[in-house]
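K.L.:
This is the content of target16.txt (compact mmCIF, C-alpha atoms):
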```txt
# COMPACT_ATOMS: atom_id res chain seq x y z
CA MET A 1 -32.73 -6.48 -74.66
CA THR A 2 -32.63 -6.39 -70.87
CA VAL A 3 -32.08 -3.24 -68.82
CA ARG A 4 -28.57 -4.47 -68.00
CA HIS A 5 -27.76 -5.05 -71.66
CA LEU A 6 -29.19 -1.66 -72.53
CA ALA A 7 -27.08 0.00 -69.85
CA ILE A 8 -23.99 -1.74 -71.21
CA ALA A 9 -24.87 -0.58 -74.71
CA VAL A 10 -25.23 3.01 -73.53
CA ALA A 11 -21.89 2.79 -71.70
CA LEU A 12 -20.19 1.45 -74.82
CA LEU A 13 -21.80 4.16 -76.88
CA LEU A 14 -20.42 6.81 -74.55
CA SER A 15 -16.97 5.21 -74.55
CA CYS A 16 -16.85 5.23 -78.36
CA THR A 17 -17.50 8.94 -78.69
CA ALA A 18 -14.84 11.52 -79.19
CA ALA A 19 -12.76 12.19 -76.10
CA PRO A 20 -14.05 15.07 -73.98
CA ALA A 21 -12.17 18.30 -73.67
CA ALA A 22 -9.14 18.04 -71.44
CA VAL A 23 -9.60 19.08 -67.84
CA GLY A 24 -8.85 22.76 -67.61
CA SER A 25 -9.79 23.51 -71.24
CA PRO A 26 -13.00 25.55 -71.06
CA SER A 27 -15.78 25.54 -73.64
CA PRO A 28 -16.99 28.90 -74.91
CA THR A 29 -19.82 28.95 -72.34
CA THR A 30 -18.14 27.56 -69.24
CA THR A 31 -14.98 28.17 -67.25
CA THR A 32 -13.19 25.16 -65.81
CA THR A 33 -11.18 25.46 -62.62
CA PRO A 34 -8.81 22.56 -61.79
CA ILE A 35 -8.56 20.95 -58.38
CA SER A 36 -5.79 22.00 -56.04
CA THR A 37 -3.00 19.45 -55.69
CA ALA A 38 -3.70 19.23 -51.95
CA ASN A 39 -6.91 17.38 -52.68
CA ALA A 40 -5.47 14.91 -55.17
CA THR A 41 -4.74 12.22 -52.57
CA PRO A 42 -7.40 10.93 -50.16
CA THR A 43 -6.71 11.12 -46.46
CA ALA A 44 -7.48 8.30 -44.02
CA PRO A 45 -6.30 6.99 -40.67
CA SER A 46 -3.38 4.59 -40.95
CA THR A 47 -5.43 1.71 -39.55
CA PRO A 48 -9.06 1.02 -40.48
CA THR A 49 -11.71 -0.50 -38.25
CA GLN A 50 -10.71 -4.14 -38.14
CA PRO A 51 -12.86 -6.32 -40.41
CA SER A 52 -14.81 -9.04 -38.61
CA ALA A 53 -16.63 -12.16 -39.73
CA ALA A 54 -19.85 -10.14 -39.67
CA SER A 55 -18.37 -7.37 -41.79
CA GLY A 56 -17.49 -9.59 -44.74
CA GLY A 57 -13.99 -8.14 -44.90
CA ILE A 58 -15.05 -4.48 -45.18
CA GLU A 59 -12.48 -1.86 -44.20
CA VAL A 60 -13.91 1.29 -42.62
CA TYR A 61 -12.09 4.55 -41.80
CA ALA A 62 -14.08 6.74 -39.39
CA THR A 63 -14.90 10.22 -40.72
CA GLY A 64 -15.58 11.93 -37.39
CA GLN A 65 -18.00 14.86 -37.60
CA LEU A 66 -18.26 16.29 -41.12
CA HIS A 67 -19.29 19.85 -41.98
CA GLY A 68 -20.76 21.43 -45.09
CA ASP A 69 -21.62 19.84 -48.45
CA HIS A 70 -19.94 16.52 -49.25
CA VAL A 71 -20.07 14.34 -52.33
CA TRP A 72 -20.07 10.64 -51.49
CA LEU A 73 -18.19 9.15 -54.42
CA VAL A 74 -17.83 5.48 -55.44
CA ARG A 75 -14.63 4.32 -57.15
CA GLU A 76 -13.95 0.90 -58.71
CA GLU A 77 -10.74 -0.68 -59.91
CA PHE A 78 -10.35 -4.15 -61.44
CA ALA A 79 -8.68 -6.77 -59.24
CA ALA A 80 -7.62 -10.38 -59.72
CA GLN A 81 -10.06 -13.30 -60.08
CA ASP A 82 -12.82 -11.25 -61.73
CA ARG A 83 -13.23 -8.94 -58.74
CA VAL A 84 -13.10 -5.20 -58.15
CA THR A 85 -11.78 -3.06 -55.35
CA GLU A 86 -14.61 -0.72 -54.41
CA THR A 87 -13.87 2.45 -52.44
CA LEU A 88 -16.22 5.08 -51.00
CA TYR A 89 -14.86 8.62 -50.58
CA ALA A 90 -16.24 11.65 -48.74
CA VAL A 91 -15.27 14.64 -50.90
CA PRO A 92 -15.84 18.14 -49.41
CA VAL A 93 -17.22 20.56 -51.99
CA ASP A 94 -15.17 23.42 -50.52
CA GLY A 95 -11.97 21.81 -51.87
CA SER A 96 -10.52 20.65 -48.54
CA PRO A 97 -8.91 17.18 -48.45
CA MET A 98 -11.22 14.26 -49.06
CA LYS A 99 -11.37 11.08 -47.00
CA THR A 100 -11.27 7.40 -47.85
CA VAL A 101 -14.12 5.95 -45.78
CA VAL A 102 -14.96 2.39 -46.94
CA ARG A 103 -13.02 -0.13 -48.99
CA ARG A 104 -13.94 -3.69 -49.93
CA LEU A 105 -13.15 -6.38 -52.48
CA ARG A 106 -16.23 -7.77 -54.23
CA ASP A 107 -17.17 -9.95 -57.16
CA ARG A 108 -17.34 -7.90 -60.36
CA GLN A 109 -20.86 -9.16 -61.11
CA ALA A 110 -22.21 -8.33 -57.62
CA PRO A 111 -24.11 -5.05 -57.07
CA GLY A 112 -21.98 -1.99 -56.44
CA ILE A 113 -22.69 0.72 -53.89
CA VAL A 114 -25.59 3.05 -54.79
CA PRO A 115 -24.99 5.90 -52.32
CA SER A 116 -28.28 7.73 -53.00
CA ARG A 117 -30.24 4.94 -51.27
CA GLN A 118 -27.55 3.25 -49.16
CA ILE A 119 -26.33 6.35 -47.27
CA SER A 120 -28.85 7.67 -44.74
CA SER A 121 -30.36 11.11 -45.39
CA ASP A 122 -28.31 12.61 -42.53
CA GLY A 123 -25.16 11.16 -44.09
CA THR A 124 -24.02 9.22 -41.00
CA LYS A 125 -24.77 5.58 -41.89
CA LEU A 126 -24.17 3.25 -44.81
CA ALA A 127 -26.17 0.05 -45.42
CA LEU A 128 -24.05 -2.37 -47.41
CA GLU A 129 -24.58 -5.79 -48.97
CA GLN A 130 -22.05 -8.37 -47.88
CA ALA A 131 -19.07 -8.88 -50.13
CA ILE A 132 -18.64 -12.35 -51.61
CA GLY A 133 -15.93 -14.32 -49.83
CA PRO A 134 -15.20 -16.71 -46.96
CA ALA A 135 -16.00 -14.09 -44.32
CA ALA A 136 -19.31 -13.02 -45.86
CA HIS A 137 -22.81 -13.95 -44.79
CA ASP A 138 -26.02 -13.51 -46.73
CA GLY A 139 -27.32 -10.43 -44.92
CA PHE A 140 -26.17 -6.83 -44.99
CA VAL A 141 -24.33 -4.61 -42.54
CA VAL A 142 -24.79 -1.04 -41.33
CA VAL A 143 -21.65 1.08 -41.07
CA ASP A 144 -21.58 4.03 -38.67
CA LEU A 145 -19.53 6.36 -40.83
CA ARG A 146 -18.54 8.73 -38.01
CA ASN A 147 -16.94 6.14 -35.70
CA GLY A 148 -16.33 3.24 -38.09
CA ARG A 149 -18.51 0.72 -36.25
CA ILE A 150 -19.84 -2.18 -38.36
CA ASP A 151 -23.06 -3.94 -37.29
CA GLU A 152 -24.77 -6.86 -38.98
CA LEU A 153 -28.41 -5.88 -39.35
CA ALA A 154 -30.20 -8.51 -41.42
CA ARG A 155 -29.33 -12.01 -42.46
CA GLY A 156 -31.32 -14.20 -44.80
CA ASP A 157 -29.24 -17.32 -44.19
CA SER A 158 -29.81 -19.22 -47.44
CA GLU A 159 -31.56 -16.12 -48.80
CA ALA A 160 -29.41 -13.13 -49.68
CA ASP A 161 -30.46 -9.70 -48.40
CA ALA A 162 -29.70 -7.04 -50.98
CA MET A 163 -30.40 -3.51 -52.26
CA PRO A 164 -30.93 -1.79 -48.87
CA ALA A 165 -32.52 1.67 -48.88
CA TRP A 166 -32.89 4.04 -45.91
CA SER A 167 -36.22 5.63 -45.05
CA PRO A 168 -36.09 9.46 -44.97
CA ASP A 169 -36.10 9.58 -41.15
CA GLY A 170 -33.41 6.91 -40.83
CA THR A 171 -35.57 4.58 -38.70
CA LYS A 172 -36.11 1.81 -41.28
CA LEU A 173 -34.53 0.08 -44.25
CA ALA A 174 -36.24 -1.48 -47.23
CA PHE A 175 -34.46 -4.35 -48.97
CA VAL A 176 -35.03 -7.41 -51.14
CA ARG A 177 -34.36 -11.06 -50.51
CA ARG A 178 -33.11 -13.53 -53.07
CA THR A 179 -33.44 -17.28 -52.69
CA THR A 180 -31.56 -20.05 -54.44
CA ASN A 181 -34.60 -22.34 -54.72
CA PRO A 182 -35.10 -23.37 -58.37
CA GLY A 183 -37.87 -21.38 -60.06
CA SER A 184 -38.15 -18.91 -57.19
CA PRO A 185 -35.10 -16.63 -57.17
CA ASP A 186 -36.84 -13.71 -55.47
CA ASP A 187 -38.40 -13.55 -52.00
CA GLY A 188 -39.88 -10.10 -52.33
CA LEU A 189 -39.66 -6.70 -50.69
CA TRP A 190 -38.90 -6.45 -46.96
CA VAL A 191 -38.58 -3.77 -44.26
CA ILE A 192 -36.53 -3.82 -41.06
CA ASN A 193 -36.10 -1.27 -38.26
CA ALA A 194 -32.72 0.42 -37.99
CA ASP A 195 -32.07 -1.36 -34.67
CA GLY A 196 -32.57 -4.77 -36.30
CA SER A 197 -36.07 -5.37 -34.93
CA GLY A 198 -39.42 -5.67 -36.68
CA ILE A 199 -38.34 -7.44 -39.85
CA ARG A 200 -41.33 -8.16 -42.10
CA ARG A 201 -42.15 -8.84 -45.72
CA VAL A 202 -44.06 -6.08 -47.53
CA LEU A 203 -44.51 -7.84 -50.89
CA PRO A 204 -44.14 -11.51 -51.85
CA GLY A 205 -41.54 -12.64 -54.32
CA SER A 206 -42.14 -12.67 -58.05
CA CYS A 207 -42.14 -15.64 -60.37
CA CYS A 208 -39.36 -17.36 -62.23
CA ALA A 209 -36.61 -15.07 -63.54
CA GLN A 210 -38.23 -11.83 -62.38
CA LEU A 211 -36.39 -9.90 -59.68
CA THR A 212 -37.48 -7.14 -57.32
CA ARG A 213 -35.40 -3.94 -57.43
CA VAL A 214 -35.44 -1.16 -54.80
CA TYR A 215 -34.99 2.50 -55.78
CA GLY A 216 -35.69 4.24 -52.47
CA TRP A 217 -38.55 5.76 -50.46
CA THR A 218 -41.08 8.53 -50.97
CA ALA A 219 -40.19 11.74 -49.13
CA ASP A 220 -42.85 11.20 -46.45
CA GLY A 221 -41.68 7.65 -45.74
CA ALA A 222 -45.08 6.17 -46.61
CA GLY A 223 -44.04 4.36 -49.78
CA ILE A 224 -41.15 2.34 -51.20
CA ALA A 225 -40.17 2.83 -54.85
CA PHE A 226 -39.48 -0.51 -56.52
CA ALA A 227 -39.80 -2.47 -59.76
CA VAL A 228 -40.23 -6.11 -60.68
CA THR A 229 -37.70 -6.55 -63.47
CA PHE A 230 -37.25 -8.99 -66.31
CA GLU A 231 -37.03 -7.40 -69.75
CA GLY A 232 -37.64 -3.99 -68.30
CA ALA A 233 -38.40 -2.28 -65.01
CA ASP A 234 -41.86 -0.89 -64.25
CA TYR A 235 -41.44 1.78 -61.57
CA SER A 236 -44.11 1.45 -58.84
CA ILE A 237 -44.78 2.40 -55.22
CA ALA A 238 -45.55 -0.10 -52.44
CA ASN A 239 -47.21 1.16 -49.27
CA ALA A 240 -44.61 0.46 -46.57
CA VAL A 241 -47.27 -0.80 -44.13
CA THR A 242 -49.95 -2.51 -46.22
CA GLY A 243 -47.99 -3.48 -49.32
CA VAL A 244 -50.66 -1.99 -51.60
CA VAL A 245 -49.04 -1.15 -54.95
CA THR A 246 -49.86 2.09 -56.78
CA GLY A 247 -48.15 4.53 -59.11
CA PRO A 248 -46.67 6.59 -60.56
CA HIS A 249 -45.81 3.86 -63.10
CA GLY A 250 -43.43 3.82 -66.02
CA GLN A 251 -40.51 1.99 -67.61
CA VAL A 252 -37.23 3.26 -66.16
CA PHE A 253 -33.48 2.87 -66.59
CA GLY A 254 -30.62 3.17 -64.13
CA THR A 255 -30.37 2.99 -60.35
CA ALA A 256 -32.10 6.29 -59.47
CA PRO A 257 -34.68 7.23 -62.12
CA ALA A 258 -36.90 9.47 -59.98
CA SER A 259 -37.04 11.66 -56.90
CA TRP A 260 -39.60 12.71 -54.30
CA ARG A 261 -40.12 15.78 -52.13
CA LEU A 262 -42.72 16.89 -49.55
CA LYS A 263 -43.93 19.85 -51.64
CA VAL A 264 -46.63 19.27 -54.31
CA PRO A 265 -45.98 18.04 -56.93
CA GLN A 266 -44.07 15.46 -54.93
CA PHE A 267 -42.80 13.15 -57.69
CA VAL A 268 -40.65 13.59 -60.76
CA GLY A 269 -39.41 10.69 -62.87
CA ALA A 270 -37.75 9.90 -66.20
CA PHE A 271 -39.93 7.33 -67.99
CA SER A 272 -39.63 5.42 -71.26
CA GLU A 273 -42.25 4.08 -73.65
CA GLY A 274 -40.71 0.61 -73.34
CA ASP A 275 -37.70 -1.31 -72.07
CA LYS A 276 -35.92 -0.80 -75.40
CA GLY A 277 -36.55 2.91 -75.73
CA GLY A 278 -39.31 4.72 -77.62
CA GLU A 279 -40.82 8.00 -76.47
CA GLN A 280 -38.99 9.45 -73.47
CA ARG A 281 -40.86 11.48 -70.84
CA ILE A 282 -40.35 13.59 -67.75
CA ASP A 283 -43.46 13.03 -65.62
CA LEU A 284 -44.75 14.69 -62.46
CA ALA A 285 -47.32 13.49 -59.92
CA ASP A 286 -48.83 15.22 -56.90
CA GLY A 287 -48.36 12.19 -54.64
CA ILE A 288 -48.51 8.42 -54.23
CA GLY A 289 -51.20 6.97 -56.50
CA ALA A 290 -51.91 10.32 -58.16
CA ALA A 291 -52.21 10.59 -61.92
CA SER A 292 -49.00 11.44 -63.75
CA ARG A 293 -48.65 14.35 -66.15
CA THR A 294 -45.92 14.83 -68.72
CA ILE A 295 -44.00 18.10 -68.77
CA PHE A 296 -41.58 17.08 -71.54
CA HIS A 297 -41.30 14.28 -74.07
CA GLU A 298 -39.18 13.42 -77.07
CA ALA A 299 -38.81 10.55 -79.50
CA SER A 300 -36.14 7.88 -79.11
CA ASP A 301 -34.77 5.56 -81.78
CA PHE A 302 -35.67 1.98 -80.83
CA ALA A 303 -32.85 0.58 -82.98
CA ASN A 304 -30.15 2.60 -81.24
CA ALA A 305 -31.90 3.21 -77.88
CA GLU A 306 -30.98 6.85 -78.21
CA PRO A 307 -31.64 9.11 -76.50
CA LEU A 308 -32.66 7.75 -73.10
CA LEU A 309 -33.57 9.92 -70.11
CA PHE A 310 -32.28 9.15 -66.61
CA ASN A 311 -31.87 10.45 -63.10
CA ALA A 312 -34.72 13.00 -62.74
CA ARG A 313 -34.05 15.20 -59.68
CA TRP A 314 -35.97 17.98 -57.94
CA SER A 315 -34.04 21.16 -57.32
CA PRO A 316 -33.70 21.92 -53.58
CA ALA A 317 -34.24 25.59 -54.40
CA GLY A 318 -37.44 25.57 -56.50
CA ASP A 319 -39.70 23.96 -59.09
CA GLU A 320 -36.96 22.91 -61.47
CA VAL A 321 -35.91 19.42 -62.56
CA LEU A 322 -32.46 18.10 -63.43
CA TYR A 323 -32.10 15.01 -65.63
CA LEU A 324 -29.56 13.27 -67.86
CA ARG A 325 -29.97 12.69 -71.57
CA SER A 326 -27.81 9.92 -73.05
CA GLY A 327 -26.54 9.97 -76.60
CA ARG A 328 -23.41 10.36 -78.67
CA GLN A 329 -22.96 13.50 -76.64
CA ALA A 330 -24.54 12.99 -73.22
CA LYS A 331 -26.08 16.09 -71.65
CA ILE A 332 -27.26 17.46 -68.32
CA MET A 333 -30.67 19.04 -68.85
CA ARG A 334 -32.88 21.35 -66.77
CA VAL A 335 -36.60 21.90 -67.20
CA SER A 336 -39.24 23.85 -65.29
CA ALA A 337 -41.96 21.92 -63.47
CA ALA A 338 -44.39 24.10 -65.44
CA GLY A 339 -43.07 22.56 -68.68
CA GLY A 340 -41.51 24.28 -71.65
CA THR A 341 -38.28 23.70 -73.53
CA PRO A 342 -35.48 22.10 -71.49
CA ALA A 343 -32.16 23.93 -71.27
CA GLU A 344 -28.81 22.18 -71.64
CA LEU A 345 -26.29 22.79 -68.88
CA LYS A 346 -23.03 23.49 -70.72
CA VAL A 347 -20.22 21.36 -69.29
CA ASP A 348 -16.91 19.93 -70.43
CA GLY A 349 -16.91 16.15 -70.83
CA GLN A 350 -19.55 13.42 -71.11
CA PRO A 351 -21.73 13.50 -67.95
CA PHE A 352 -23.39 10.32 -66.69
CA LYS A 353 -24.22 10.97 -63.01
CA ALA A 354 -25.42 14.27 -61.52
CA GLU A 355 -26.95 15.56 -58.27
CA TRP A 356 -27.99 18.97 -56.94
CA LEU A 357 -26.13 20.64 -54.10
CA HIS A 358 -28.22 22.45 -51.49
CA ASP A 359 -27.27 25.88 -52.90
CA GLY A 360 -28.40 25.07 -56.45
CA ARG A 361 -25.02 24.08 -57.87
CA ILE A 362 -24.64 20.63 -59.45
CA ALA A 363 -22.09 17.89 -58.74
CA PHE A 364 -21.51 15.46 -61.60
CA ILE A 365 -19.19 12.77 -62.97
CA THR A 366 -17.82 12.99 -66.51
CA VAL A 367 -16.21 10.44 -68.78
CA SER A 368 -12.56 10.77 -69.75
CA ASN A 369 -10.84 8.24 -72.03
CA GLY A 370 -13.95 6.07 -72.02
CA ILE A 371 -14.48 5.81 -68.25
CA GLY A 372 -16.00 7.95 -65.54
CA SER A 373 -12.94 9.53 -63.99
CA VAL A 374 -13.64 13.19 -63.22
CA LEU A 375 -15.78 14.65 -60.41
CA ASN A 376 -16.97 18.19 -61.11
CA VAL A 377 -19.12 20.95 -59.63
CA THR A 378 -20.77 23.70 -61.69
CA ASN A 379 -22.91 26.74 -60.99
CA GLY A 380 -23.91 26.93 -64.65
CA THR A 381 -21.01 29.21 -65.56
CA THR A 382 -17.90 27.96 -63.78
CA GLN A 383 -17.03 24.25 -63.76
CA THR A 384 -14.66 23.17 -60.98
CA VAL A 385 -12.87 19.83 -61.06
CA LEU A 386 -12.91 18.38 -57.54
CA LEU A 387 -11.13 15.13 -58.34
CA SER A 388 -9.72 13.14 -61.26
CA ILE A 389 -8.21 9.66 -61.20
CA GLU A 390 -5.90 7.41 -63.14
CA PRO A 391 -7.29 5.63 -66.23
CA SER A 392 -7.23 2.22 -64.52
CA ALA A 393 -10.07 3.19 -62.15
CA THR A 394 -13.65 4.40 -62.57
CA PHE A 395 -16.03 6.64 -60.66
CA THR A 396 -19.37 4.82 -60.83
CA ASP A 397 -21.86 6.77 -58.69
CA LEU A 398 -22.31 9.67 -56.29
CA ALA A 399 -24.68 11.18 -53.72
CA VAL A 400 -24.70 14.55 -51.97
CA ARG A 401 -25.17 15.09 -48.24
CA THR A 402 -25.08 18.35 -46.25
CA TYR A 403 -23.76 18.49 -42.66
CA PRO A 404 -24.19 21.20 -39.99
```
For this file, produce the structure as structure tokens.

P.N.:
Amino acid sequence: MTVRHLAIAVALLLSCTAAPAAVGSPSPTTTTTPISTANATPTAPSTPTQPSAASGGIEVYATGQLHGDHVWLVREEFAAQDRVTETLYAVPVDGSPMKTVVRRLRDRQAPGIVPSRQISSDGTKLALEQAIGPAAHDGFVVVDLRNGRIDELARGDSEADAMPAWSPDGTKLAFVRRTTNPGSPDDGLWVINADGSGIRRVLPGSCCAQLTRVYGWTADGAGIAFAVTFEGADYSIANAVTGVVTGPHGQVFGTAPASWRLKVPQFVGAFSEGDKGGEQRIDLADGIGAASRTIFHEASDFANAEPLLFNARWSPAGDEVLYLRSGRQAKIMRVSAAGGTPAELKVDGQPFKAEWLHDGRIAFITVSNGIGSVLNVTNGTTQTVLLSIEPSATFTDLAVRTYP
């Protein structure tokens, strides 16, 4: 079973579970506050930045200067000819009206936006793969979110540039190149400066059907988190200058399995015994190449691939880790970096994406009627619904950025 098939199986498993509690119906341990009707409809200028040949038909609505905590939220809706309409929203956590920022039509099988690596750490730029279509090229573009400007940054010509990820200081992007040459579909891991200069290959391509995947950068900008995938994904770190590959290593699932910080221990990740499940672990490491240590582990049923652990995240406020535990009832879990028994964060609904806010609250997406359609924030006691959508659309991913 491939990672993609496993992800599909997990999604189907979640969709087949009992429907979550209705929005506004609190569990015994949490209070749910609905969104105000003023925030139910996104706001945007009447005319977007005009798409160009370089933009691949992307519509961009300038945000201007944002303030406070925002959730960058990705929404998908099926369109004709096996495509989806993909929209990126900026949702203020304080409940003020959200903004539609980017919209594009893309092939349903093409990669969707992963905001945790594609939006710069200061929240002002988006690196985006080209949409498939007559206006698209093979490179990617950088969108200035404040003023709506679209710049083509890299172009592989016959090789497609994909999976861009911003360095922590916003000066570089890591990405992968794919080639259509038979027997060599992957041209390795690359880095380019934010101004389009200095493009270079960090790692050569892999063999045959193996593909390179980018997860992001280490917090100090010295390493790039990646995996060479086939029937699994072995998380590794490539030195951004020399290309030397070290750990931490482990089988991972999802688009954002680990996180880094400058404080020691720097790394936390959700690892699996194998690409089909087995023992699940939350591992820490003091830095790039340092030995990993397990702070929590539990068994997983290979036959059902349940549970699986995803999305390990350092708290911005201390030595605590947030992660997701899949299963018939998916859960948001918290565990101390010192180890011990994890605690379940009581929420309404089936969570499948979650991120810390700077003040220690948590923003997360829950499943309703089989799809991810509710954006929530919780402080551990009160759960606030920021946004819910019609059943025909799906929230697929989120990232959090804080503005002055």

K.L.:
What gap, in Å, lies between atom CA of A:Ile282 and atom CA of A:Phe296?

P.N.:
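Atom-to-atom, atom CA of A:Ile282 and atom CA of A:Phe296 are spaced 5.3 Å apart.
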
K.L.:
Could you name the residues that touch A:Ile365 at 7 Å or less, counting only C-alpha atoms, but leaving out those on the same chain fewer than 4 positions away, as a list in words?

P.N.:
Pro351, Phe352, Lys353, Ala354, Gly372, Val374, Leu375 and Asn376 of chain A

K.L.:
Using only C-alpha atoms, can you tell me which of A:Ser197, A:Ser292, A:Asn311, A:Thr212 comes closest to A:Arg177?

P.N.:
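Ranked by minimum distance to A:Arg177, first place goes to A:Thr212.
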
K.L.:
So what do you get for atom CA of A:Arg117 versus atom CA of A:Asp220, distance-wise?

P.N.:
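It comes out at 14.9 Å.
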
K.L.:
If you count all atoms listed in the file, which residues fall within 9 Å of A:Val245, apart from same-chain ones fewer than 5 positions away, as an MDAnalysis selection string?

P.N.:
chainID A and resid 236:239 289

K.L.:
Which is closest to A:Gly274 among A:Ala305, A:Ala160, A:Ala393, A:Ala127, if we use all atoms listed in the file?

P.N.:
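The answer is A:Ala305, which sits nearest to A:Gly274.
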
K.L.:
If you count all atoms listed in the file, which residues fall within 12 Å of A:Ala80, apart from same-chain ones fewer than 2 positions away, as a list in words?

P.N.:
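These residues fall inside the cut-off: Glu77, Phe78, Asp82, Arg83, Val84, Thr85, Leu105, Arg106, Asp107 and Arg108 of chain A.
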
K.L.:
Residues at most 10 Å from stretch 89-96 of chain A, counting all atoms listed in the file, excluding those fewer than 3 positions away in the same chain, as a PDB file with C-alpha atoms, in the frame of the given file?

P.N.:
```pdb
ATOM      1  CA  ILE A  35      -8.560  20.950 -58.380  1.00  0.00           C
ATOM      2  CA  SER A  36      -5.790  22.000 -56.040  1.00  0.00           C
ATOM      3  CA  ALA A  38      -3.700  19.230 -51.950  1.00  0.00           C
ATOM      4  CA  ASN A  39      -6.910  17.380 -52.680  1.00  0.00           C
ATOM      5  CA  PRO A  42      -7.400  10.930 -50.160  1.00  0.00           C
ATOM      6  CA  THR A  43      -6.710  11.120 -46.460  1.00  0.00           C
ATOM      7  CA  ALA A  44      -7.480   8.300 -44.020  1.00  0.00           C
ATOM      8  CA  THR A  63     -14.900  10.220 -40.720  1.00  0.00           C
ATOM      9  CA  LEU A  66     -18.260  16.290 -41.120  1.00  0.00           C
ATOM     10  CA  HIS A  67     -19.290  19.850 -41.980  1.00  0.00           C
ATOM     11  CA  GLY A  68     -20.760  21.430 -45.090  1.00  0.00           C
ATOM     12  CA  ASP A  69     -21.620  19.840 -48.450  1.00  0.00           C
ATOM     13  CA  HIS A  70     -19.940  16.520 -49.250  1.00  0.00           C
ATOM     14  CA  VAL A  71     -20.070  14.340 -52.330  1.00  0.00           C
ATOM     15  CA  TRP A  72     -20.070  10.640 -51.490  1.00  0.00           C
ATOM     16  CA  LEU A  73     -18.190   9.150 -54.420  1.00  0.00           C
ATOM     17  CA  VAL A  74     -17.830   5.480 -55.440  1.00  0.00           C
ATOM     18  CA  ARG A  75     -14.630   4.320 -57.150  1.00  0.00           C
ATOM     19  CA  LYS A  99     -11.370  11.080 -47.000  1.00  0.00           C
ATOM     20  CA  THR A 100     -11.270   7.400 -47.850  1.00  0.00           C
ATOM     21  CA  VAL A 101     -14.120   5.950 -45.780  1.00  0.00           C
ATOM     22  CA  VAL A 102     -14.960   2.390 -46.940  1.00  0.00           C
ATOM     23  CA  ARG A 103     -13.020  -0.130 -48.990  1.00  0.00           C
ATOM     24  CA  LEU A 357     -26.130  20.640 -54.100  1.00  0.00           C
ATOM     25  CA  ALA A 363     -22.090  17.890 -58.740  1.00  0.00           C
ATOM     26  CA  LEU A 375     -15.780  14.650 -60.410  1.00  0.00           C
ATOM     27  CA  ASN A 376     -16.970  18.190 -61.110  1.00  0.00           C
ATOM     28  CA  VAL A 377     -19.120  20.950 -59.630  1.00  0.00           C
ATOM     29  CA  THR A 384     -14.660  23.170 -60.980  1.00  0.00           C
ATOM     30  CA  VAL A 385     -12.870  19.830 -61.060  1.00  0.00           C
ATOM     31  CA  LEU A 386     -12.910  18.380 -57.540  1.00  0.00           C
ATOM     32  CA  LEU A 387     -11.130  15.130 -58.340  1.00  0.00           C
ATOM     33  CA  LEU A 398     -22.310   9.670 -56.290  1.00  0.00           C
ATOM     34  CA  ALA A 399     -24.680  11.180 -53.720  1.00  0.00           C
ATOM     35  CA  VAL A 400     -24.700  14.550 -51.970  1.00  0.00           C
ATOM     36  CA  ARG A 401     -25.170  15.090 -48.240  1.00  0.00           C
ATOM     37  CA  THR A 402     -25.080  18.350 -46.250  1.00  0.00           C
TER      38      THR A 402
END
```

K.L.:
Could you tell me how far atom CA of A:Asp151 sits from atom CA of A:Ala62, in Å to one decimal place?

P.N.:
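Atom CA of A:Ala62 sits 14.1 Å away from atom CA of A:Asp151.
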